[in-house]
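Below is entry-v8.txt, which holds compact mmCIF, C-alpha atoms.
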```
# COMPACT_ATOMS: atom_id res chain seq x y z
CA MET P 1006 -46.88 -101.39 -102.41
CA THR P 1007 -47.17 -97.78 -103.52
CA ALA P 1008 -44.26 -95.35 -103.55
CA ALA P 1009 -45.91 -93.45 -100.73
CA ALA P 1010 -46.19 -96.58 -98.60
CA ARG P 1011 -42.54 -97.42 -99.23
CA LEU P 1012 -41.46 -93.92 -98.23
CA ARG P 1013 -43.62 -93.77 -95.10
CA PRO P 1014 -41.29 -95.57 -92.61
CA ARG P 1015 -38.31 -93.51 -93.75
CA HIS P 1016 -40.36 -90.37 -93.42
CA ASP P 1017 -41.49 -91.31 -89.91
CA ALA P 1018 -37.94 -92.13 -88.81
CA ALA P 1019 -36.66 -88.82 -90.13
CA THR P 1020 -39.55 -87.00 -88.47
CA ALA P 1021 -38.74 -88.63 -85.14
CA LEU P 1022 -35.08 -87.68 -85.50
CA TRP P 1023 -35.63 -84.03 -86.26
CA LEU P 1024 -38.30 -83.75 -83.57
CA GLY P 1025 -35.78 -85.16 -81.08
CA ALA P 1026 -33.08 -82.75 -82.24
CA GLY P 1027 -35.49 -79.83 -82.13
CA LEU P 1028 -36.62 -80.78 -78.62
CA ALA P 1029 -33.01 -80.94 -77.42
CA ALA P 1030 -32.17 -77.54 -78.92
CA ALA P 1031 -35.34 -76.00 -77.46
CA SER P 1032 -34.63 -77.44 -73.99
CA LEU P 1033 -31.08 -76.06 -73.97
CA ALA P 1034 -32.18 -72.69 -75.31
CA ARG P 1035 -34.86 -72.46 -72.64
CA ALA P 1036 -32.39 -73.30 -69.89
CA ALA P 1037 -29.96 -70.70 -71.19
CA LEU P 1038 -32.62 -67.99 -71.44
CA ASN P 1039 -34.53 -68.79 -68.23
CA GLY P 1040 -32.49 -66.52 -65.97
CA HIS P 1041 -33.31 -65.37 -62.43
CA ALA P 1042 -36.20 -63.01 -63.12
CA ALA P 1043 -39.91 -63.77 -63.51
CA PHE P 1044 -40.09 -62.02 -66.88
CA SER P 1045 -37.25 -64.00 -68.45
CA ALA P 1046 -38.59 -67.26 -66.97
CA PHE P 1047 -42.05 -66.55 -68.38
CA ALA P 1048 -40.66 -65.50 -71.76
CA ALA P 1049 -38.39 -68.55 -72.02
CA GLY P 1050 -41.21 -70.91 -70.99
CA ALA P 1051 -43.72 -69.37 -73.40
CA ALA P 1052 -41.23 -69.45 -76.30
CA PHE P 1053 -40.31 -73.04 -75.47
CA GLY P 1054 -43.93 -74.22 -75.40
CA THR P 1055 -44.80 -72.34 -78.57
CA ALA P 1056 -41.78 -73.74 -80.42
CA LEU P 1057 -42.74 -77.28 -79.41
CA VAL P 1058 -46.32 -76.81 -80.58
CA ALA P 1059 -45.01 -75.39 -83.86
CA MET P 1060 -42.71 -78.38 -84.37
CA ALA P 1061 -45.54 -80.80 -83.63
CA VAL P 1062 -47.87 -79.07 -86.09
CA VAL P 1063 -45.18 -78.96 -88.77
CA ALA P 1064 -44.67 -82.69 -88.21
CA GLY P 1065 -48.31 -83.23 -89.04
CA TRP P 1066 -49.87 -83.44 -85.58
CA ARG P 1067 -53.27 -81.79 -85.29
CA PRO P 1068 -55.33 -81.26 -82.14
CA ALA P 1069 -58.61 -83.16 -82.12
CA ARG P 1070 -61.71 -82.54 -80.06
CA PRO P 1071 -61.19 -84.69 -76.97
CA ALA P 1072 -63.74 -87.20 -75.79
CA ILE P 1073 -65.23 -86.66 -72.35
CA GLY P 1074 -63.92 -90.06 -71.33
CA SER P 1075 -60.36 -89.06 -72.23
CA LEU P 1076 -60.63 -85.89 -70.17
CA LEU P 1077 -61.91 -87.87 -67.17
CA VAL P 1078 -59.09 -90.37 -67.55
CA GLY P 1079 -56.67 -87.43 -67.65
CA VAL P 1080 -58.10 -85.97 -64.45
CA LEU P 1081 -57.73 -89.31 -62.68
CA GLY P 1082 -54.22 -89.69 -64.10
CA GLY P 1083 -53.26 -86.25 -62.83
CA LEU P 1084 -54.62 -86.90 -59.35
CA VAL P 1085 -52.56 -90.08 -59.19
CA LEU P 1086 -49.42 -88.07 -60.02
CA VAL P 1087 -50.20 -85.53 -57.31
CA VAL P 1088 -51.08 -88.07 -54.62
CA LEU P 1089 -48.58 -90.87 -55.26
CA PRO P 1090 -45.34 -89.15 -54.17
CA ARG P 1091 -47.10 -87.81 -51.10
CA LEU P 1092 -48.26 -91.26 -50.12
CA ALA P 1093 -44.64 -92.37 -50.39
CA ASP P 1094 -43.42 -89.44 -48.32
CA PRO P 1095 -46.02 -87.07 -46.81
CA LEU P 1096 -43.31 -84.52 -45.96
CA VAL P 1097 -42.03 -84.16 -49.52
CA PRO P 1098 -41.15 -80.49 -49.98
CA ALA P 1099 -41.88 -78.35 -52.99
CA LEU P 1100 -38.78 -76.92 -54.61
CA ILE P 1101 -37.85 -73.36 -53.82
CA GLY P 1102 -38.33 -71.07 -56.78
CA MET P 1103 -41.21 -72.89 -58.44
CA ARG P 1104 -43.76 -70.12 -57.90
CA PRO P 1105 -42.89 -67.01 -59.87
CA GLU P 1106 -45.61 -64.36 -59.51
CA PRO P 1107 -48.15 -63.49 -60.81
CA LEU P 1108 -50.29 -66.61 -60.52
CA ALA P 1109 -52.26 -65.89 -63.71
CA GLY P 1110 -49.06 -65.54 -65.75
CA TRP P 1111 -47.60 -68.65 -64.22
CA VAL P 1112 -50.75 -70.68 -64.96
CA LEU P 1113 -50.82 -69.42 -68.55
CA VAL P 1114 -47.16 -70.10 -69.29
CA THR P 1115 -47.21 -73.46 -67.50
CA THR P 1116 -50.21 -74.44 -69.62
CA VAL P 1117 -48.38 -73.42 -72.80
CA VAL P 1118 -45.36 -75.48 -71.73
CA VAL P 1119 -47.54 -78.50 -70.98
CA ALA P 1120 -49.36 -78.12 -74.30
CA GLY P 1121 -46.07 -77.93 -76.17
CA GLU P 1122 -44.53 -80.93 -74.45
CA GLU P 1123 -47.62 -83.06 -74.94
CA ALA P 1124 -48.18 -82.01 -78.56
CA LEU P 1125 -44.59 -82.87 -79.42
CA LEU P 1126 -43.89 -85.87 -77.18
CA ARG P 1127 -47.19 -87.72 -76.88
CA GLY P 1128 -48.53 -86.27 -80.16
CA ALA P 1129 -46.11 -85.93 -83.06
CA LEU P 1130 -43.11 -87.90 -81.77
CA PHE P 1131 -45.20 -90.73 -80.30
CA GLY P 1132 -47.15 -91.04 -83.55
CA ALA P 1133 -44.05 -91.11 -85.76
CA LEU P 1134 -42.28 -93.65 -83.53
CA GLU P 1135 -45.35 -95.85 -83.23
CA ARG P 1136 -45.71 -96.04 -87.00
CA PHE P 1137 -41.99 -96.56 -87.55
CA ALA P 1138 -40.98 -98.85 -84.68
CA GLY P 1139 -44.14 -99.84 -82.80
CA PRO P 1140 -45.83 -98.74 -79.59
CA VAL P 1141 -43.21 -100.15 -77.19
CA ALA P 1142 -40.49 -98.02 -78.81
CA ALA P 1143 -42.82 -95.04 -78.78
CA VAL P 1144 -43.42 -95.42 -75.03
CA ALA P 1145 -39.72 -95.96 -74.28
CA VAL P 1146 -38.28 -93.14 -76.39
CA THR P 1147 -40.85 -90.49 -75.48
CA SER P 1148 -40.51 -91.33 -71.77
CA LEU P 1149 -36.72 -91.13 -71.92
CA ALA P 1150 -36.92 -87.84 -73.83
CA PHE P 1151 -39.37 -86.51 -71.24
CA ALA P 1152 -36.95 -87.35 -68.43
CA LEU P 1153 -33.83 -86.00 -70.14
CA MET P 1154 -35.41 -82.75 -71.30
CA HIS P 1155 -35.82 -81.70 -67.65
CA VAL P 1156 -32.17 -82.20 -66.72
CA PRO P 1157 -30.86 -78.80 -67.88
CA LEU P 1158 -33.33 -76.99 -65.62
CA TYR P 1159 -33.69 -79.29 -62.64
CA GLY P 1160 -30.62 -81.52 -62.46
CA TRP P 1161 -30.14 -85.28 -62.75
CA GLN P 1162 -32.06 -86.00 -59.56
CA VAL P 1163 -35.39 -85.69 -61.39
CA VAL P 1164 -34.60 -88.36 -64.00
CA PRO P 1165 -36.04 -91.38 -62.11
CA LEU P 1166 -39.24 -89.57 -61.21
CA ASP P 1167 -39.74 -88.02 -64.63
CA LEU P 1168 -38.98 -91.33 -66.34
CA GLY P 1169 -41.77 -92.96 -64.32
CA VAL P 1170 -44.12 -90.09 -65.02
CA GLY P 1171 -43.22 -90.22 -68.71
CA VAL P 1172 -44.16 -93.90 -68.89
CA TRP P 1173 -47.40 -93.15 -67.02
CA LEU P 1174 -48.32 -90.36 -69.46
CA ALA P 1175 -47.44 -92.59 -72.43
CA GLY P 1176 -49.72 -95.24 -70.93
CA LEU P 1177 -52.55 -92.69 -70.84
CA ARG P 1178 -51.81 -91.85 -74.48
CA LEU P 1179 -52.01 -95.51 -75.44
CA ALA P 1180 -55.11 -96.18 -73.36
CA THR P 1181 -57.11 -93.29 -74.78
CA GLY P 1182 -55.58 -92.99 -78.25
CA GLY P 1183 -55.01 -89.24 -77.99
CA VAL P 1184 -53.09 -86.44 -76.34
CA ALA P 1185 -55.93 -85.06 -74.22
CA ALA P 1186 -55.60 -87.49 -71.30
CA PRO P 1187 -51.82 -87.11 -70.80
CA ALA P 1188 -52.10 -83.35 -71.33
CA VAL P 1189 -54.78 -82.99 -68.65
CA ALA P 1190 -52.84 -85.26 -66.25
CA HIS P 1191 -49.60 -83.38 -66.90
CA GLY P 1192 -51.33 -80.03 -66.43
CA ILE P 1193 -52.88 -81.04 -63.11
CA ALA P 1194 -49.55 -82.33 -61.80
CA ASP P 1195 -47.69 -79.17 -62.83
CA LEU P 1196 -50.29 -76.68 -61.66
CA SER P 1197 -50.65 -78.41 -58.29
CA THR P 1198 -47.10 -77.37 -57.44
CA TRP P 1199 -48.36 -73.84 -56.76
CA TRP P 1200 -50.40 -75.02 -53.81
CA ILE P 1201 -48.66 -78.12 -52.52
CA MET O 390 -58.05 -107.68 -74.19
CA ASP O 391 -56.49 -106.49 -77.45
CA PRO O 392 -52.68 -106.08 -77.55
CA ARG O 393 -52.81 -102.29 -77.55
CA ARG O 394 -54.93 -102.16 -74.40
CA ARG O 395 -52.68 -104.76 -72.80
CA LEU O 396 -49.65 -102.62 -73.61
CA ALA O 397 -51.40 -99.52 -72.27
CA ALA O 398 -52.18 -101.32 -69.02
CA GLY O 399 -48.58 -102.50 -68.80
CA ALA O 400 -47.24 -98.97 -69.38
CA LEU O 401 -49.57 -97.55 -66.75
CA LEU O 402 -48.51 -100.16 -64.21
CA LEU O 403 -44.83 -99.66 -65.04
CA GLY O 404 -45.19 -95.89 -64.84
CA LEU O 405 -46.95 -96.17 -61.50
CA GLY O 406 -44.25 -98.49 -60.15
CA LEU O 407 -41.36 -96.34 -61.36
CA THR O 408 -42.95 -93.19 -59.96
CA TRP O 409 -43.51 -94.92 -56.63
CA LEU O 410 -39.94 -96.21 -56.52
CA ALA O 411 -38.55 -92.80 -57.43
CA SER O 412 -40.58 -91.28 -54.61
CA LEU O 413 -39.09 -93.79 -52.16
CA GLY O 414 -35.56 -93.66 -53.53
CA PRO O 415 -32.45 -92.28 -51.86
CA GLY O 416 -31.53 -88.63 -51.92
CA PRO O 417 -33.42 -85.50 -51.08
CA ARG O 418 -37.16 -85.78 -51.55
CA ILE O 419 -38.67 -83.54 -54.17
CA ALA O 420 -42.18 -82.63 -55.18
CA PRO O 421 -43.63 -84.34 -58.27
CA LEU O 422 -41.76 -81.95 -60.46
CA LEU O 423 -42.64 -82.38 -64.11
CA ASP O 424 -42.31 -78.94 -65.59
CA GLY O 425 -43.74 -75.49 -65.45
CA VAL O 426 -41.92 -72.26 -64.93
CA PHE O 427 -39.34 -71.64 -62.29
CA ILE O 428 -36.84 -69.02 -61.26
CA GLU O 429 -33.34 -70.08 -60.41
CA ASP O 430 -32.48 -69.69 -56.73
CA PRO O 431 -29.79 -67.18 -55.94
CA PHE O 432 -26.49 -68.80 -55.07
CA ARG O 433 -26.30 -69.69 -51.38
CA TRP O 434 -22.94 -69.09 -49.76
CA ALA O 435 -21.46 -71.05 -46.88
CA ASP O 436 -19.85 -67.79 -45.78
CA PRO O 437 -22.05 -65.15 -47.38
CA PRO O 438 -20.66 -61.75 -48.30
CA PRO O 439 -22.80 -58.80 -47.14
CA GLY O 440 -26.26 -58.93 -48.69
CA ALA O 441 -25.85 -62.37 -50.21
CA PRO O 442 -27.93 -65.41 -49.21
CA GLY O 443 -26.41 -68.03 -46.93
CA ASP O 444 -27.43 -71.44 -45.61
CA PRO O 445 -26.53 -73.71 -48.52
CA THR O 446 -28.10 -77.13 -48.12
CA SER O 447 -26.22 -80.35 -47.63
CA ALA O 448 -27.39 -83.79 -48.75
CA GLN O 449 -27.30 -87.18 -47.09
CA ALA O 450 -28.68 -90.43 -48.44
CA THR O 451 -28.47 -94.08 -47.49
CA GLN O 452 -28.27 -96.40 -50.46
CA PRO O 453 -28.96 -100.12 -49.92
CA VAL O 454 -26.51 -102.52 -51.53
CA VAL O 455 -28.20 -104.81 -54.06
CA ASP O 456 -26.61 -108.09 -55.13
CA GLY O 457 -23.28 -107.08 -53.65
CA ALA O 458 -23.06 -103.75 -55.48
CA VAL O 459 -24.10 -100.18 -54.96
CA PRO O 460 -26.83 -99.43 -57.54
CA LEU O 461 -26.78 -96.34 -59.71
CA LEU O 462 -27.18 -93.34 -57.45
CA ALA O 463 -27.87 -89.63 -57.87
CA VAL O 464 -27.76 -87.40 -54.82
CA SER O 465 -28.13 -83.62 -54.86
CA THR O 466 -28.45 -80.68 -52.56
CA SER O 467 -31.92 -79.16 -52.66
CA GLU O 468 -31.46 -75.72 -54.19
CA VAL O 469 -32.87 -75.04 -57.67
CA PRO O 470 -30.75 -75.97 -59.48
CA PRO O 471 -28.81 -78.10 -57.00
CA GLN O 472 -25.51 -76.50 -56.01
CA ALA O 473 -23.84 -79.91 -55.80
CA GLN O 474 -24.74 -83.28 -57.28
CA ILE O 475 -23.10 -86.68 -57.51
CA ILE O 476 -24.17 -89.30 -60.04
CA ALA O 477 -22.47 -92.69 -59.90
CA GLN O 478 -22.98 -95.66 -62.18
CA ALA O 479 -23.87 -99.02 -60.62
CA ASP O 480 -21.05 -100.81 -58.81
CA ALA O 481 -18.90 -97.68 -58.82
CA PHE O 482 -17.66 -98.08 -55.26
CA ALA O 483 -15.43 -100.78 -53.80
CA ILE O 484 -17.29 -102.38 -50.89
CA GLU O 485 -16.48 -105.24 -48.57
CA ALA O 486 -18.48 -108.46 -48.75
CA GLY O 487 -21.49 -108.26 -46.47
CA THR O 488 -21.95 -104.50 -46.77
CA GLU O 489 -25.67 -103.83 -46.66
CA SER O 490 -25.80 -100.10 -47.33
CA VAL O 491 -23.64 -97.08 -48.00
CA LYS O 492 -24.02 -93.47 -46.97
CA VAL O 493 -23.61 -90.65 -49.45
CA SER O 494 -22.95 -87.18 -48.17
CA ILE O 495 -22.44 -83.74 -49.69
CA VAL O 496 -21.51 -81.00 -47.24
CA PRO O 497 -20.81 -77.35 -48.13
CA ALA O 498 -18.03 -75.28 -46.61
CA ALA O 499 -16.59 -71.85 -47.21
CA GLY O 500 -13.70 -71.65 -49.65
CA SER O 501 -10.54 -69.91 -48.51
CA ASP O 502 -8.89 -69.60 -51.93
CA PRO O 503 -9.96 -66.35 -53.67
CA ALA O 504 -10.12 -68.17 -57.00
CA ILE O 505 -12.95 -70.38 -55.73
CA ALA O 506 -16.26 -69.30 -57.25
CA GLY O 507 -18.74 -70.27 -54.56
CA ASN O 508 -18.50 -72.99 -51.96
CA VAL O 509 -16.31 -75.98 -51.34
CA TYR O 510 -18.28 -79.23 -51.32
CA ARG O 511 -17.09 -82.35 -49.52
CA PHE O 512 -18.34 -85.45 -51.32
CA SER O 513 -18.06 -88.66 -49.35
CA VAL O 514 -19.37 -92.20 -49.61
CA THR O 515 -18.94 -94.42 -46.57
CA ASP O 516 -20.08 -97.81 -45.38
CA ALA O 517 -22.47 -98.13 -42.46
CA ALA O 518 -19.57 -97.96 -40.00
CA GLY O 519 -18.34 -94.70 -41.53
CA ALA O 520 -15.33 -96.10 -43.35
CA PRO O 521 -14.72 -94.17 -46.60
CA LEU O 522 -15.21 -96.07 -49.84
CA ALA O 523 -13.01 -95.73 -52.88
CA ILE O 524 -14.19 -95.36 -56.44
CA ARG O 525 -13.40 -98.43 -58.51
CA PRO O 526 -11.01 -97.96 -61.43
CA GLU O 527 -12.98 -97.60 -64.69
CA ALA O 528 -16.13 -96.57 -62.81
CA VAL O 529 -17.89 -93.42 -63.98
CA VAL O 530 -18.71 -91.04 -61.15
CA THR O 531 -19.76 -87.53 -62.11
CA ILE O 532 -20.13 -84.50 -59.90
CA VAL O 533 -21.88 -81.26 -60.80
CA VAL O 534 -20.99 -78.12 -58.85
CA ARG O 535 -22.62 -74.73 -59.18
CA ALA O 536 -20.48 -71.60 -59.37
CA SER O 537 -21.51 -68.37 -57.70
CA GLU O 538 -22.06 -66.68 -61.06
CA PRO O 539 -22.64 -67.80 -64.66
CA ASN O 540 -20.32 -67.93 -67.63
CA LEU O 541 -17.05 -68.14 -65.78
CA VAL O 542 -13.93 -69.50 -67.37
CA ALA O 543 -13.49 -72.12 -64.69
CA GLN O 544 -12.85 -75.75 -63.89
CA ILE O 545 -13.75 -78.06 -61.08
CA ALA O 546 -10.79 -78.61 -58.78
CA ARG O 547 -10.06 -81.12 -56.03
CA PHE O 548 -8.09 -80.28 -52.91
CA ASP O 549 -5.29 -82.82 -52.66
CA GLY O 550 -4.29 -81.85 -49.12
CA THR O 551 -1.92 -79.07 -50.10
CA GLU O 552 -3.38 -77.36 -53.15
CA TRP O 553 -6.32 -77.25 -55.53
CA VAL O 554 -5.82 -79.43 -58.60
CA THR O 555 -8.09 -78.81 -61.59
CA ILE O 556 -9.69 -81.74 -63.39
CA PRO O 557 -11.18 -81.95 -66.90
CA THR O 558 -14.49 -80.13 -66.68
CA GLN O 559 -17.56 -79.61 -68.85
CA TYR O 560 -20.56 -77.34 -68.60
CA GLY O 561 -23.21 -79.01 -66.47
CA GLY O 562 -26.50 -77.93 -68.04
CA LEU O 563 -26.79 -74.27 -67.01
CA PRO O 564 -24.35 -71.38 -67.43
CA ASP O 565 -23.26 -71.65 -63.80
CA LEU O 566 -23.05 -75.45 -63.52
CA PHE O 567 -19.82 -77.38 -64.04
CA ALA O 568 -19.48 -81.15 -64.31
CA ALA O 569 -16.53 -83.49 -64.09
CA ASN O 570 -15.84 -87.19 -63.80
CA ILE O 571 -13.86 -87.97 -60.68
CA THR O 572 -11.69 -90.84 -59.57
CA GLU O 573 -11.43 -89.86 -55.91
CA LEU O 574 -13.90 -88.36 -53.47
CA GLY O 575 -13.00 -85.40 -51.27
CA ASP O 576 -13.30 -81.62 -51.37
CA PHE O 577 -14.28 -80.03 -54.68
CA ALA O 578 -14.95 -76.47 -55.82
CA VAL O 579 -15.27 -74.45 -59.00
CA LEU O 580 -11.96 -72.70 -59.54
CA VAL O 581 -11.75 -69.69 -61.85
CA THR O 582 -9.02 -70.33 -64.40
CA GLY O 583 -9.49 -67.39 -66.75
CA PRO O 584 -10.90 -63.90 -66.99
CA SER O 585 -14.54 -63.64 -65.99
CA PRO O 586 -16.90 -61.68 -68.25
CA SER O 587 -18.32 -59.91 -65.22
CA GLY O 588 -15.08 -59.21 -63.39
CA SER O 589 -13.65 -60.74 -60.28
CA VAL O 590 -15.42 -63.64 -58.65
CA ALA O 591 -14.82 -61.91 -55.35
CA THR O 592 -17.59 -59.56 -56.46
CA VAL O 593 -20.81 -61.20 -55.34
CA ALA O 594 -23.39 -61.67 -58.03
CA SER O 595 -26.66 -59.96 -57.27
CA PRO O 596 -29.25 -62.33 -55.79
CA VAL O 597 -31.53 -61.22 -58.60
CA ALA O 598 -29.16 -61.32 -61.52
CA SER O 599 -29.93 -60.28 -65.02
CA ALA O 600 -31.93 -62.64 -67.19
CA GLY O 601 -30.33 -65.31 -69.25
CA ALA O 602 -26.73 -65.88 -70.06
CA GLY O 603 -24.95 -62.58 -69.73
CA ASP O 604 -22.64 -62.96 -72.69
CA GLY O 605 -25.12 -64.77 -74.91
CA THR O 606 -23.59 -68.15 -74.16
CA SER O 607 -25.76 -71.11 -73.34
CA ALA O 608 -25.40 -73.81 -70.73
CA GLU O 609 -23.52 -76.02 -73.15
CA GLY O 610 -21.17 -73.28 -74.27
CA LEU O 611 -23.08 -72.67 -77.52
CA PRO O 612 -24.27 -69.18 -78.32
CA VAL O 613 -27.95 -68.76 -77.49
CA TRP O 614 -28.63 -67.38 -80.97
CA LEU O 615 -27.30 -70.62 -82.42
CA LEU O 616 -29.67 -72.68 -80.28
CA VAL O 617 -32.59 -70.47 -81.26
CA LEU O 618 -31.51 -70.82 -84.88
CA LEU O 619 -31.45 -74.61 -84.45
CA VAL O 620 -35.00 -74.55 -83.11
CA LEU O 621 -36.13 -72.44 -86.05
CA ALA O 622 -34.20 -74.70 -88.43
CA ALA O 623 -35.95 -77.72 -86.95
CA ILE O 624 -39.32 -76.10 -87.60
CA GLY O 625 -38.32 -74.94 -91.09
CA GLY O 626 -36.65 -78.23 -91.95
CA GLY O 627 -39.68 -80.15 -90.81
CA LEU O 628 -41.94 -77.93 -92.88
CA ALA O 629 -39.79 -78.54 -95.95
CA TRP O 630 -39.65 -82.26 -95.25
CA GLY O 631 -43.42 -82.36 -94.87
CA LEU O 632 -43.87 -80.61 -98.21
CA ILE O 633 -41.47 -83.04 -99.89
CA GLY O 634 -43.23 -85.98 -98.20
CA ASN O 635 -46.62 -84.77 -99.38
CA ARG O 636 -45.31 -84.39 -102.91
CA ASP O 637 -43.81 -87.88 -102.89
CA GLY O 638 -46.99 -89.24 -101.44
CA GLY O 639 -49.00 -87.66 -104.18
```

Translate this file's structure into structure tokens.
Amino acid sequence: MTAAARLRPRHDAATALWLGAGLAAASLARAALNGHAAFSAFAAGAAFGTALVAMAVVAGWRPARPAIGSLLVGVLGGLVLVVLPRLADPLVPALIGMRPEPLAGWVLVTTVVVAGEEALLRGALFGALERFAGPVAAVAVTSLAFALMHVPLYGWQVVPLDLGVGVWLAGLRLATGGVAAPAVAHGIADLSTWWI
Amino acid sequence: MDPRRRLAAGALLLGLGLTWLASLGPGPRIAPLLDGVFIEDPFRWADPPPGAPGDPTSAQATQPVVDGAVPLLAVSTSEVPPQAQIIAQADAFAIEAGTESVKVSIVPAAGSDPAIAGNVYRFSVTDAAGAPLAIRPEAVVTIVVRASEPNLVAQIARFDGTEWVTIPTQYGGLPDLFAANITELGDFAVLVTGPSPSGSVATVASPVASAGAGDGTSAEGLPVWLLVLLVLAAIGGGLAWGLIGNRDGG
């Protein structure tokens, strides 16, 4: 075994740890900076997404050209996320305050946030955990992180739903082998909240 | 089917099931909220001062008893963020044999004490007949209550029938959220216990308050600059680690 091969698991474990710490700090900073105004919410969201992308890239994650099949799987995955809760309860209300104007700014910043979360969680962190501890640990830890990172902004009530969604997105990552499918699914689910 | 595809199928099925269960679960229904950008609701007063929003929401949920115990529950009012939440670990409430479900309720009321920052919330858990349930000793039951303005020096307090008694309190995730573990249900409120950075709590915060934490303090009581520094340190540290890793790896 080469020195590099011996160092690899330790490197992946350390990478997963600092990505987790960075994600926690970024989530808290975003919650603290979000404020009550559209500008601060947009600025905090954009900075959060950008920081997550930066961490993922620093950790070695690189975007790859997605396959058409992965994009289609992502679209289907996103539609499931939009439809499923409404099948369970057709009267489910959207949360007040989820639609800061203008629409174009909201779409842009939401997309940056989605890109950041997917690059870090289903990209860099998933990859490091999968190499270090296997795919089951990667699914479990990234899903739990996905659920907990939403608590500062939305409260504990979203943990069950976001845990389920996190596992679903991790399943898309495993099924397609890349970040494109969960990113597209996540984006569709988030952007749909403007209209429904 | 190779193991990886089998695992992917399992994760998709599990994710689907958990999402479905969460959509059916107790508590206020919410949209499939994953992330995005949102603006915090202004604080809603039970007895609003002039110009301030009123109509705070209450929350009711029926929780089925499973295997003789109340499962883990989380119930919240439906503002963003919720103005009152209760999170109880499994088997936190003492129930009689044969109890099939319990009712959880959070109801806002106006606070009469001038030191109260916001509303009083009555947290109750009853059996189907309406008999109040007690929290078991050793059980962990946490409530989160929102204050009418951020960054107060304050604690959650419980009304014991004659006066408000403060309980050990932590920040609850945002600069205006406070959390505490409780041993009894009843009436709770955020009680100002020290000087407020923005003056008296009797002064109503503007419905559109200034952005961020007014005094540069985060939800967890850490300065925002320190959190930003931590994020930058994570990026810088990772960069350095990657360079070291590449060198070691040849």

* For each of O:Leu401, O:Arg395, O:Val493, O:Ala450, take the minimum atom-to-atom distance to Val1078 of chain P, counting only C-alpha atoms, then give the residue where this is smallest. =>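 Ranked by minimum distance to Val1078 of chain P, first place goes to O:Leu401.
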
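Here atom CA of Leu1153 of chain P is placed at a distance of 15.2 Å from atom CA of Ala411 of chain O.
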
* d(atom CA of Ile505 of chain O, atom CA of Asp565 of chain O) in Å ->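 It comes out at 13.2 Å.
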
* Would you list the residues near (-20.0, -103.7, -59.3) (no more than 7 Å away, in the coordinates of the file, using only C-alpha atoms) as a ChimeraX atom specification? => /O:458-459,479-481

* Counting all atoms listed in the file, which of P:Thr1147, P:Thr1055, P:Asn1039, P:Ser1197 gets nearest to Gly1176 of chain P? ->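 Among the listed residues, the smallest separation from Gly1176 of chain P belongs to P:Thr1147.
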
With the cut-off set at 12 Å and counting only C-alpha atoms, tabulate each residue of segment 1096-1190 of chain P with an atom at most that distance from an atom of segment 402-409 of chain O, showing the nearest atom pair and its distance in Å to one decimal, ordered by chain and increasing number, as JSON lines.
```
{"residue": "P:Val1144", "atom": "CA", "partner": "O:Gly404", "partner_atom": "CA", "distance": 10.4}
{"residue": "P:Ala1145", "atom": "CA", "partner": "O:Gly404", "partner_atom": "CA", "distance": 10.9}
{"residue": "P:Ser1148", "atom": "CA", "partner": "O:Gly404", "partner_atom": "CA", "distance": 9.5}
{"residue": "P:Ala1152", "atom": "CA", "partner": "O:Thr408", "partner_atom": "CA", "distance": 11.9}
{"residue": "P:Val1163", "atom": "CA", "partner": "O:Thr408", "partner_atom": "CA", "distance": 10.7}
{"residue": "P:Val1164", "atom": "CA", "partner": "O:Thr408", "partner_atom": "CA", "distance": 10.5}
{"residue": "P:Pro1165", "atom": "CA", "partner": "O:Leu407", "partner_atom": "CA", "distance": 7.3}
{"residue": "P:Leu1166", "atom": "CA", "partner": "O:Thr408", "partner_atom": "CA", "distance": 5.3}
{"residue": "P:Asp1167", "atom": "CA", "partner": "O:Thr408", "partner_atom": "CA", "distance": 7.7}
{"residue": "P:Leu1168", "atom": "CA", "partner": "O:Leu407", "partner_atom": "CA", "distance": 7.5}
{"residue": "P:Gly1169", "atom": "CA", "partner": "O:Leu407", "partner_atom": "CA", "distance": 4.5}
{"residue": "P:Val1170", "atom": "CA", "partner": "O:Gly404", "partner_atom": "CA", "distance": 5.9}
{"residue": "P:Gly1171", "atom": "CA", "partner": "O:Gly404", "partner_atom": "CA", "distance": 7.1}
{"residue": "P:Val1172", "atom": "CA", "partner": "O:Gly404", "partner_atom": "CA", "distance": 4.6}
{"residue": "P:Trp1173", "atom": "CA", "partner": "O:Gly404", "partner_atom": "CA", "distance": 4.1}
{"residue": "P:Leu1174", "atom": "CA", "partner": "O:Gly404", "partner_atom": "CA", "distance": 7.9}
{"residue": "P:Ala1175", "atom": "CA", "partner": "O:Gly404", "partner_atom": "CA", "distance": 8.6}
{"residue": "P:Gly1176", "atom": "CA", "partner": "O:Gly404", "partner_atom": "CA", "distance": 7.6}
{"residue": "P:Leu1177", "atom": "CA", "partner": "O:Gly404", "partner_atom": "CA", "distance": 10.0}
{"residue": "P:Ala1180", "atom": "CA", "partner": "O:Leu402", "partner_atom": "CA", "distance": 12.0}
```

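Taking atom CA of Ala1059 of chain P and atom CA of Ala400 of chain O as the two end points, the separation is 27.8 Å.
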
* **Counting only C-alpha atoms, the residue of O:Phe482, O:Val491, O:Thr466, O:Val554 that sits nearest Ala523 of chain O** =>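 Looking at the shortest contact to Ala523 of chain O, the residue is O:Phe482.
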
* Who sits within 10 Å of Pro1140 of chain P, all atoms listed in the file, same chain under 5 positions skipped, as number ranges by chain -> P: 1131-1135, 1145-1146, 1175, 1179; O: 393, 396-397
